file coords27.tsv (TSV, C-alpha atoms)
chain	number	residue	atom	x	y	z
A	1099	MET	CA	7.11	17.65	-19.77
A	1100	LEU	CA	3.42	17.41	-18.91
A	1101	LEU	CA	2.95	16.53	-15.25
A	1102	VAL	CA	-0.18	16.02	-13.22
A	1103	LEU	CA	-0.72	16.88	-9.57
A	1104	THR	CA	-3.55	14.92	-7.99
A	1105	THR	CA	-4.88	16.12	-4.64
A	1106	VAL	CA	-7.20	13.97	-2.54
A	1107	ILE	CA	-8.84	15.56	0.48
A	1108	PRO	CA	-11.34	13.95	2.89
A	1109	LEU	CA	-14.69	15.72	2.58
A	1110	ASP	CA	-14.78	16.93	6.19
A	1111	ALA	CA	-11.35	18.54	5.78
A	1112	ALA	CA	-12.39	20.09	2.47
A	1113	ASN	CA	-15.48	21.54	4.08
A	1114	ASP	CA	-13.29	23.09	6.77
A	1115	GLY	CA	-11.26	24.70	4.00
A	1116	VAL	CA	-7.84	23.40	3.00
A	1117	ASP	CA	-6.02	26.49	1.84
A	1118	PHE	CA	-3.07	26.14	-0.52
A	1119	SER	CA	-1.97	27.92	-3.66
A	1120	LEU	CA	0.09	26.50	-6.51
A	1121	GLU	CA	1.14	29.91	-7.77
A	1122	PRO	CA	4.59	29.62	-6.08
A	1123	LEU	CA	5.41	26.84	-8.59
A	1124	ALA	CA	6.04	29.60	-11.12
A	1125	ALA	CA	9.29	30.33	-9.26
A	1126	ILE	CA	10.71	27.03	-10.50
A	1127	GLY	CA	9.51	27.55	-14.05
A	1128	ALA	CA	6.35	25.43	-13.79
A	1129	ARG	CA	3.29	26.53	-15.74
A	1130	LEU	CA	-0.16	25.65	-14.41
A	1131	GLY	CA	-2.68	24.20	-16.85
A	1132	GLN	CA	-6.24	22.97	-16.67
A	1133	THR	CA	-7.85	21.29	-13.68
A	1134	GLU	CA	-10.25	18.36	-13.66
A	1135	ASP	CA	-12.51	17.21	-10.84
A	1136	LEU	CA	-12.39	13.44	-10.30
A	1137	GLY	CA	-15.14	13.61	-7.69
A	1138	SER	CA	-16.47	11.53	-4.83
A	1139	ASP	CA	-19.03	11.71	-2.06
A	1140	ALA	CA	-16.38	11.09	0.61
A	1141	LEU	CA	-13.25	12.55	-0.96
A	1142	VAL	CA	-12.58	15.69	-2.95
A	1143	ALA	CA	-10.17	14.71	-5.72
A	1144	GLN	CA	-8.74	16.96	-8.41
A	1145	ASP	CA	-6.10	16.85	-11.13
A	1146	THR	CA	-4.03	19.91	-11.97
A	1147	PHE	CA	-1.89	19.65	-15.09
A	1148	ILE	CA	1.53	21.31	-14.99
A	1149	GLU	CA	4.14	21.99	-17.66
A	1150	ALA	CA	7.62	21.69	-16.16
A	1151	ASP	CA	11.09	20.41	-17.00
A	1152	ASP	CA	12.06	18.95	-13.62
A	1153	LEU	CA	9.77	16.40	-11.95
A	1154	GLY	CA	11.91	16.28	-8.81
A	1155	ALA	CA	11.81	20.03	-8.37
A	1156	VAL	CA	8.02	20.12	-8.73
A	1157	ARG	CA	7.62	17.28	-6.23
A	1158	LYS	CA	9.83	19.09	-3.73
A	1159	ALA	CA	7.98	22.37	-4.19
A	1160	VAL	CA	4.54	20.77	-3.87
A	1161	SER	CA	5.69	18.93	-0.74
A	1162	GLY	CA	6.53	22.26	0.82
A	1163	LEU	CA	3.22	23.80	-0.20
A	1164	MET	CA	1.22	20.86	1.17
A	1165	ALA	CA	3.15	20.44	4.42
A	1166	GLY	CA	0.80	20.21	7.38
A	1167	LYS	CA	-2.33	20.10	5.21
A	1168	PRO	CA	-4.86	17.25	5.75
A	1169	ALA	CA	-4.51	16.25	2.11
A	1170	ASP	CA	-2.84	13.51	0.10
A	1171	TYR	CA	-1.19	14.27	-3.23
A	1172	CYS	CA	0.83	12.79	-6.05
A	1173	VAL	CA	2.97	14.47	-8.72
A	1174	GLN	CA	3.89	12.34	-11.73
A	1175	PRO	CA	4.16	12.39	-15.52
A	1176	ALA	CA	0.70	12.55	-17.07
A	1177	GLU	CA	1.63	9.94	-19.67
A	1178	GLY	CA	1.34	6.34	-18.48
A	1179	ARG	CA	-0.23	7.16	-15.13
A	1180	ARG	CA	-2.84	4.39	-15.37
A	1181	LYS	CA	-0.90	1.31	-14.30
A	1182	ARG	CA	-1.09	-2.26	-15.62
A	1183	LEU	CA	0.15	-4.05	-12.51
A	1184	LEU	CA	-0.56	-3.57	-8.79
A	1185	ILE	CA	1.74	-5.13	-6.20
A	1186	ALA	CA	0.46	-4.62	-2.67
A	1187	ASP	CA	1.71	-5.41	0.79
A	1188	MET	CA	-0.91	-6.98	3.08
A	1189	ASP	CA	-0.43	-6.24	6.79
A	1190	SER	CA	-1.36	-2.65	7.75
A	1191	THR	CA	-1.79	-1.84	4.05
A	1192	ILE	CA	-4.57	-3.91	2.52
A	1193	ILE	CA	-5.74	-5.07	5.96
A	1194	ASN	CA	-6.03	-3.31	9.30
A	1195	VAL	CA	-3.64	-5.38	11.43
A	1196	GLU	CA	-0.27	-7.11	11.58
A	1197	CYS	CA	-1.35	-10.75	11.56
A	1198	ILE	CA	1.68	-11.97	13.46
A	1199	ASP	CA	0.88	-9.57	16.30
A	1200	GLU	CA	-2.68	-10.89	16.48
A	1201	LEU	CA	-1.44	-14.50	16.58
A	1202	ALA	CA	0.93	-13.46	19.35
A	1203	ASP	CA	-2.04	-12.11	21.29
A	1204	PHE	CA	-3.59	-15.58	21.29
A	1205	ALA	CA	-0.23	-16.99	22.37
A	1206	GLY	CA	0.04	-14.48	25.23
A	1207	VAL	CA	3.15	-12.72	23.88
A	1208	LYS	CA	1.72	-9.80	21.91
A	1209	ASP	CA	3.70	-7.07	23.66
A	1210	LYS	CA	7.03	-8.76	22.91
A	1211	VAL	CA	6.16	-9.62	19.32
A	1212	ALA	CA	4.55	-6.27	18.48
A	1213	ALA	CA	7.64	-4.42	19.72
A	1214	ILE	CA	9.83	-6.43	17.35
A	1215	THR	CA	7.35	-5.94	14.50
A	1216	GLU	CA	7.42	-2.18	14.97
A	1217	ARG	CA	11.23	-2.05	14.92
A	1218	ALA	CA	11.41	-4.32	11.85
A	1219	MET	CA	8.88	-2.24	9.93
A	1220	ARG	CA	10.84	0.91	10.76
A	1221	GLY	CA	13.95	-0.68	9.31
A	1222	ASP	CA	15.77	-0.95	12.65
A	1223	LEU	CA	16.08	-4.75	12.50
A	1224	ASP	CA	16.93	-7.32	9.85
A	1225	PHE	CA	13.53	-8.49	8.60
A	1226	GLU	CA	14.35	-12.18	8.21
A	1227	ALA	CA	15.99	-12.52	11.62
A	1228	ALA	CA	13.13	-10.60	13.24
A	1229	LEU	CA	10.56	-12.86	11.58
A	1230	ARG	CA	12.27	-16.03	12.80
A	1231	GLU	CA	12.46	-14.61	16.32
A	1232	ARG	CA	8.77	-13.73	16.39
A	1233	VAL	CA	7.59	-17.01	14.87
A	1234	ALA	CA	9.59	-18.93	17.46
A	1235	MET	CA	7.42	-17.32	20.15
A	1236	LEU	CA	4.32	-18.79	18.48
A	1237	LYS	CA	5.48	-22.39	18.96
A	1238	GLY	CA	2.63	-24.58	20.20
A	1239	LEU	CA	-0.17	-22.23	19.10
A	1240	PRO	CA	-3.15	-24.34	17.93
A	1241	LEU	CA	-3.85	-24.06	14.21
A	1242	ALA	CA	-7.46	-23.25	15.04
A	1243	ASP	CA	-6.25	-19.89	16.37
A	1244	LEU	CA	-5.14	-18.86	12.89
A	1245	GLN	CA	-8.72	-19.07	11.64
A	1246	ARG	CA	-9.92	-17.39	14.81
A	1247	ALA	CA	-7.48	-14.52	14.27
A	1248	TYR	CA	-8.66	-14.12	10.68
A	1249	ASP	CA	-12.34	-14.21	11.59
A	1250	GLU	CA	-12.13	-11.94	14.62
A	1251	ARG	CA	-9.34	-9.49	13.81
A	1252	VAL	CA	-8.67	-9.18	10.07
A	1253	ARG	CA	-10.61	-6.60	8.09
A	1254	LEU	CA	-9.95	-5.05	4.69
A	1255	ASN	CA	-8.89	-1.43	4.96
A	1256	PRO	CA	-11.35	1.10	3.51
A	1257	GLY	CA	-11.09	1.27	-0.26
A	1258	ALA	CA	-8.99	-1.90	-0.61
A	1259	ARG	CA	-11.56	-3.97	-2.49
A	1260	THR	CA	-12.57	-1.02	-4.65
A	1261	LEU	CA	-8.92	-0.37	-5.55
A	1262	VAL	CA	-8.25	-3.95	-6.59
A	1263	ARG	CA	-11.54	-4.60	-8.37
A	1264	THR	CA	-11.44	-1.32	-10.28
A	1265	MET	CA	-7.92	-1.89	-11.56
A	1266	THR	CA	-8.59	-5.49	-12.58
A	1267	ALA	CA	-11.88	-4.52	-14.23
A	1268	HIS	CA	-9.88	-2.11	-16.40
A	1269	GLY	CA	-7.38	-4.76	-17.45
A	1270	ALA	CA	-4.69	-4.56	-14.79
A	1271	LYS	CA	-3.36	-7.49	-12.76
A	1272	ALA	CA	-3.20	-7.36	-8.97
A	1273	PHE	CA	-0.88	-9.35	-6.73
A	1274	LEU	CA	-0.73	-9.48	-2.94
A	1275	VAL	CA	2.88	-9.94	-1.80
A	1276	SER	CA	3.48	-10.22	1.92
A	1277	GLY	CA	6.24	-10.89	4.40
A	1278	GLY	CA	3.42	-12.37	6.47
A	1279	PHE	CA	1.82	-15.76	6.05
A	1280	SER	CA	0.06	-17.61	3.25
A	1281	PHE	CA	-2.77	-18.70	5.56
A	1282	PHE	CA	-3.87	-15.06	5.62
A	1283	THR	CA	-2.85	-13.92	2.15
A	1284	ARG	CA	-4.96	-16.63	0.50
A	1285	ARG	CA	-8.06	-15.45	2.33
A	1286	VAL	CA	-7.35	-11.73	1.98
A	1287	ALA	CA	-6.55	-12.08	-1.73
A	1288	GLU	CA	-9.89	-13.76	-2.32
A	1289	ALA	CA	-11.79	-11.21	-0.24
A	1290	ALA	CA	-10.22	-8.22	-2.01
A	1291	GLY	CA	-10.14	-9.69	-5.53
A	1292	PHE	CA	-6.40	-10.12	-6.13
A	1293	ASP	CA	-5.32	-12.37	-8.98
A	1294	ALA	CA	-2.68	-14.17	-6.91
A	1295	ASN	CA	-0.67	-13.95	-3.71
A	1296	ARG	CA	2.79	-14.73	-2.34
A	1297	ALA	CA	3.81	-15.01	1.32
A	1298	ASN	CA	5.73	-17.02	3.90
A	1299	THR	CA	4.59	-20.38	5.24
A	1300	LEU	CA	4.20	-21.23	8.91
A	1301	VAL	CA	5.50	-24.75	9.63
A	1302	GLU	CA	2.93	-26.98	11.35
A	1303	ALA	CA	3.29	-30.13	13.44
A	1304	ASP	CA	0.55	-32.20	15.09
A	1305	GLY	CA	-2.09	-29.51	14.91
A	1306	VAL	CA	0.05	-26.69	16.29
A	1307	LEU	CA	2.63	-24.24	15.01
A	1308	ALA	CA	6.16	-25.63	15.10
A	1309	GLY	CA	7.71	-22.22	15.77
A	1310	THR	CA	9.52	-22.05	12.44
A	1311	VAL	CA	8.87	-20.49	9.05
A	1312	GLY	CA	9.44	-22.03	5.65
A	1313	GLU	CA	12.63	-21.08	3.86
A	1314	PRO	CA	13.56	-19.03	1.94
A	1315	ILE	CA	11.83	-16.17	3.72
A	1316	LEU	CA	9.96	-13.70	1.57
A	1317	GLY	CA	11.28	-10.27	2.53
A	1318	ARG	CA	12.40	-7.03	0.90
A	1319	GLU	CA	14.30	-8.54	-2.04
A	1320	ALA	CA	11.63	-11.16	-2.67
A	1321	LYS	CA	9.00	-8.44	-2.93
A	1322	LEU	CA	11.15	-6.63	-5.47
A	1323	ALA	CA	11.61	-9.91	-7.36
A	1324	ALA	CA	7.85	-10.43	-7.40
A	1325	LEU	CA	7.36	-6.98	-8.91
A	1326	CYS	CA	9.94	-7.61	-11.62
A	1327	GLU	CA	8.77	-11.15	-12.39
A	1328	GLU	CA	5.09	-10.25	-12.66
A	1329	ALA	CA	5.85	-7.22	-14.81
A	1330	ALA	CA	7.96	-9.38	-17.12
A	1331	ALA	CA	5.22	-12.01	-17.28
A	1332	LEU	CA	2.77	-9.32	-18.40
A	1333	GLY	CA	5.28	-7.85	-20.82
A	1334	VAL	CA	5.09	-4.38	-19.28
A	1335	PRO	CA	7.89	-2.08	-18.11
A	1336	LEU	CA	8.29	-1.24	-14.43
A	1337	SER	CA	7.03	2.25	-15.28
A	1338	ALA	CA	3.60	0.62	-15.78
A	1339	THR	CA	3.51	-0.76	-12.23
A	1340	LEU	CA	2.15	0.50	-8.93
A	1341	ALA	CA	3.45	-0.73	-5.56
A	1342	VAL	CA	1.99	0.13	-2.17
A	1343	GLY	CA	3.15	-0.71	1.34
A	1344	ASP	CA	3.90	0.67	4.77
A	1345	GLY	CA	7.07	-0.96	6.11
A	1346	ALA	CA	10.80	-1.04	5.43
A	1347	ASN	CA	10.56	-4.39	3.67
A	1348	ASP	CA	8.40	-2.66	1.02
A	1349	LEU	CA	11.02	-0.07	0.15
A	1350	ALA	CA	12.70	-1.89	-2.74
A	1351	MET	CA	9.48	-2.58	-4.64
A	1352	ILE	CA	8.18	0.93	-3.94
A	1353	ALA	CA	11.37	2.51	-5.28
A	1354	ALA	CA	11.48	0.31	-8.39
A	1355	SER	CA	7.84	0.69	-9.42
A	1356	GLY	CA	6.47	3.31	-11.74
A	1357	LEU	CA	4.44	4.71	-8.87
A	1358	GLY	CA	5.43	3.71	-5.34
A	1359	VAL	CA	2.96	4.73	-2.65
A	1360	ALA	CA	3.46	4.76	1.12
A	1361	TYR	CA	0.17	4.02	2.88
A	1362	ARG	CA	-0.01	5.12	6.55
A	1363	ALA	CA	3.66	4.27	6.40
A	1364	LYS	CA	6.68	4.30	8.65
A	1365	PRO	CA	8.83	7.46	8.26
A	1366	ILE	CA	11.60	5.69	6.33
A	1367	VAL	CA	9.05	4.57	3.73
A	1368	ALA	CA	7.13	7.84	3.51
A	1369	ALA	CA	10.39	9.69	2.92
A	1370	GLN	CA	11.36	7.57	-0.09
A	1371	ALA	CA	8.04	6.81	-1.79
A	1372	HIS	CA	6.87	8.70	-4.87
A	1373	ALA	CA	3.62	9.56	-3.06
A	1374	LYS	CA	2.00	8.85	0.27
A	1375	VAL	CA	-1.52	8.42	1.63
A	1376	ASP	CA	-2.02	9.52	5.22
A	1377	HIS	CA	-5.56	10.93	5.21
A	1378	ALA	CA	-7.72	9.33	2.51
A	1379	ASP	CA	-8.54	5.66	2.00
A	1380	LEU	CA	-7.00	3.35	-0.59
A	1381	THR	CA	-9.17	4.72	-3.39
A	1382	ALA	CA	-6.67	7.60	-3.42
A	1383	LEU	CA	-4.48	5.26	-5.50
A	1384	LEU	CA	-7.22	5.18	-8.14
A	1385	TYR	CA	-7.45	8.96	-8.24
A	1386	PHE	CA	-3.66	9.13	-8.55
A	1387	GLN	CA	-4.07	7.08	-11.74
A	1388	GLY	CA	-6.73	9.40	-13.13
A	1389	TYR	CA	-9.75	7.23	-12.43
A	1390	ARG	CA	-12.94	9.18	-11.80
A	1391	ALA	CA	-15.28	8.17	-8.99
A	1392	ASP	CA	-17.89	7.04	-11.52
A	1393	GLU	CA	-15.40	4.51	-12.91
A	1394	PHE	CA	-14.93	2.75	-9.56
A	1395	VAL	CA	-16.13	-0.84	-9.21
A	1396	THR	CA	-17.88	-1.07	-5.85
A	1397	ASP	CA	-20.05	-3.59	-4.06
call {"tool": "encode", "arguments": {"input": "coords27.tsv", "output": "structure tokens"}}
result
Amino acid sequence: MLLVLTTVIPLDAANDGVDFSLEPLAAIGARLGQTEDLGSDALVAQDTFIEADDLGAVRKAVSGLMAGKPADYCVQPAEGRRKRLLIADMDSTIINVECIDELADFAGVKDKVAAITERAMRGDLDFEAALRERVAMLKGLPLADLQRAYDERVRLNPGARTLVRTMTAHGAKAFLVSGGFSFFTRRVAEAAGFDANRANTLVEADGVLAGTVGEPILGREAKLAALCEEAAALGVPLSATLAVGDGANDLAMIAASGLGVAYRAKPIVAAQAHAKVDHADLTALLYFQGYRADEFVTD
């Protein structure tokens, strides 16, 4: 089986010297092949092709070799690595904040809400129950504060727009699927260039939030359903999909996708994803697919 290991290292770390050798892979019967530079001004990205019979064994071995290094990496089959569908979480993945926590700040209950958010994203709480509890604390918040939160707090994470626009320019579809709220996903999807978005709806009454969320709640299983439905609509297998997220409610879609990536993720997600990004920006997902820096679509 022909595999490819992609390493992505921030330039400052590369200049400091990130020392690792792939020679120990020979102990598990892997044979190193050619390397290709994918290149960037800000990130040092490289493909190394590997002949091996056991993908899981190579992933485990590379994980050991890269432990503690300021580098992101992905090991996958070389065939089919460029994906046809991107499904992305929004909060703390495509954008820099958890929107519900920022709304809670305007409502004066951020500490309480953020603590519940953290536990839910770690998988310690039932997502749907935790969402209802947090939304209830927002009851009476003026609708104008939603726009204020978006304008003042929400920013695309580095590389988000380049990731989405590059994939769609090369024929892929991109969908934003969030356990957050449609008020924000509509705006973020437009800003980043997603084709469509799915999220929960905050119930309104007389110009303020009613403290409830529309049912059924979009959570872990709904994200998985979105992945499967959009792949079916495109007529592509799940192996041709890429999913990225950071919280426990992203686990099902990450596990089911062809390439599931944990971005700055909670430990439970990082442990189960096919690859993780802790150091680079979201363009690492393009390098993982074999895109070169000169193929990126940037503003």
call {"tool": "axis_aligned_box", "arguments": {"input": "coords27.tsv", "around": "stretch 1324-1335 of chain A", "padding_each_side": "3 Å", "output": "lines of an AutoDock Vina configuration file"}}
result
center_x = 6.4
center_y = -7.0
center_z = -14.1
size_x = 13.2
size_y = 15.9
size_z = 19.4
call {"tool": "closest_residue", "arguments": {"input": "coords27.tsv", "among": "A:Ala1329, A:Ala1323, A:Leu1384, A:Leu1123", "to": "A:Gly1257", "atoms": "only C-alpha atoms"}}
result
A:Leu1384
call {"tool": "closest_residue", "arguments": {"input": "coords27.tsv", "among": "A:Gln1245, A:Thr1264, A:Gly1291, A:Ala1373", "to": "A:Arg1157", "atoms": "all atoms listed in the file"}}
result
A:Ala1373
call {"tool": "closest_residue", "arguments": {"input": "coords27.tsv", "among": "A:Asn1255, A:Asn1347, A:Thr1260, A:Gln1144", "to": "A:Ile1366", "atoms": "all atoms listed in the file"}}
result
A:Asn1347
call {"tool": "closest_residue", "arguments": {"input": "coords27.tsv", "among": "A:Ala1111, A:Leu1307, A:Met1099, A:Ala1341", "to": "A:Ala1169", "atoms": "only C-alpha atoms"}}
result
A:Ala1111
call {"tool": "closest_residue", "arguments": {"input": "coords27.tsv", "among": "A:Arg1232, A:Arg1390, A:Arg1129, A:Arg1217", "to": "A:Thr1310", "atoms": "all atoms listed in the file"}}
result
A:Arg1232
call {"tool": "residues_near_point", "arguments": {"input": "coords27.tsv", "point": "(1.4, -16.6, 19.3)", "cutoff": "10 Å", "atoms": "all atoms listed in the file", "output": "PyMOL selection string"}}
result
chain A and resi 1198-1208+1211+1232-1240+1243-1244+1307+1309
call {"tool": "closest_residue", "arguments": {"input": "coords27.tsv", "among": "A:Ala1297, A:Leu1136, A:Ile1185, A:Ala1176", "to": "A:Leu1101", "atoms": "all atoms listed in the file"}}
result
A:Ala1176
call {"tool": "atom_distance", "arguments": {"input": "coords27.tsv", "atom1": "atom CA of A:Ser1337", "atom2": "atom CA of A:Ala1124"}}
result
27.7 Å
call {"tool": "atom_distance", "arguments": {"input": "coords27.tsv", "atom1": "atom CA of A:Thr1215", "atom2": "atom CA of A:Leu1261"}}
result
26.4 Å
call {"tool": "atom_distance", "arguments": {"input": "coords27.tsv", "atom1": "atom CA of A:Ser1119", "atom2": "atom CA of A:Ala1378"}}
result
20.4 Å
call {"tool": "closest_atom_pairs", "arguments": {"input": "coords27.tsv", "of": "stretch 1257-1293 of chain A", "to": "stretch 1218-1231 of chain A", "cutoff": "12 Å", "atoms": "only C-alpha atoms", "output": "CSV"}}
result
residue,atom,partner,partner_atom,distance
A:Gly1277,CA,A:Leu1229,CA,8.6
A:Gly1278,CA,A:Leu1229,CA,8.8
A:Phe1279,CA,A:Leu1229,CA,10.7
call {"tool": "residues_around", "arguments": {"input": "coords27.tsv", "residues": "A:Asp1348", "least_positions_apart": "5", "cutoff": "9 Å", "atoms": "all atoms listed in the file", "output": "PDB file with C-alpha atoms, in the coordinates of the input"}}
result
ATOM      1  CA  ALA A1186       0.460  -4.620  -2.670  1.00  0.00           C
ATOM      2  CA  ASP A1187       1.710  -5.410   0.790  1.00  0.00           C
ATOM      3  CA  MET A1219       8.880  -2.240   9.930  1.00  0.00           C
ATOM      4  CA  GLY A1317      11.280 -10.270   2.530  1.00  0.00           C
ATOM      5  CA  ARG A1318      12.400  -7.030   0.900  1.00  0.00           C
ATOM      6  CA  GLU A1319      14.300  -8.540  -2.040  1.00  0.00           C
ATOM      7  CA  LYS A1321       9.000  -8.440  -2.930  1.00  0.00           C
ATOM      8  CA  LEU A1322      11.150  -6.630  -5.470  1.00  0.00           C
ATOM      9  CA  ALA A1341       3.450  -0.730  -5.560  1.00  0.00           C
ATOM     10  CA  VAL A1342       1.990   0.130  -2.170  1.00  0.00           C
ATOM     11  CA  GLY A1343       3.150  -0.710   1.340  1.00  0.00           C
ATOM     12  CA  ALA A1353      11.370   2.510  -5.280  1.00  0.00           C
ATOM     13  CA  ALA A1360       3.460   4.760   1.120  1.00  0.00           C
ATOM     14  CA  VAL A1367       9.050   4.570   3.730  1.00  0.00           C
TER      15      VAL A1367
END
call {"tool": "residues_near_point", "arguments": {"input": "coords27.tsv", "point": "(-3.1, 18.4, 4.4)", "cutoff": "10 Å", "atoms": "only C-alpha atoms", "output": "VMD selection string"}}
result
chain A and resid 1105 to 1108 1111 to 1112 1116 to 1118 1163 to 1171 1376 to 1377
call {"tool": "residues_around", "arguments": {"input": "coords27.tsv", "residues": "A:Ala1354", "least_positions_apart": "5", "cutoff": "10 Å", "atoms": "all atoms listed in the file", "output": "ChimeraX atom specification"}}
result
/A:1322,1325-1326,1336-1337,1339-1341,1349,1371
call {"tool": "residues_around", "arguments": {"input": "coords27.tsv", "residues": "A:Glu1288", "least_positions_apart": "6", "cutoff": "10 Å", "atoms": "only C-alpha atoms", "output": "JSON, numbers by chain"}}
result
{"A": [1259, 1294, 1295]}
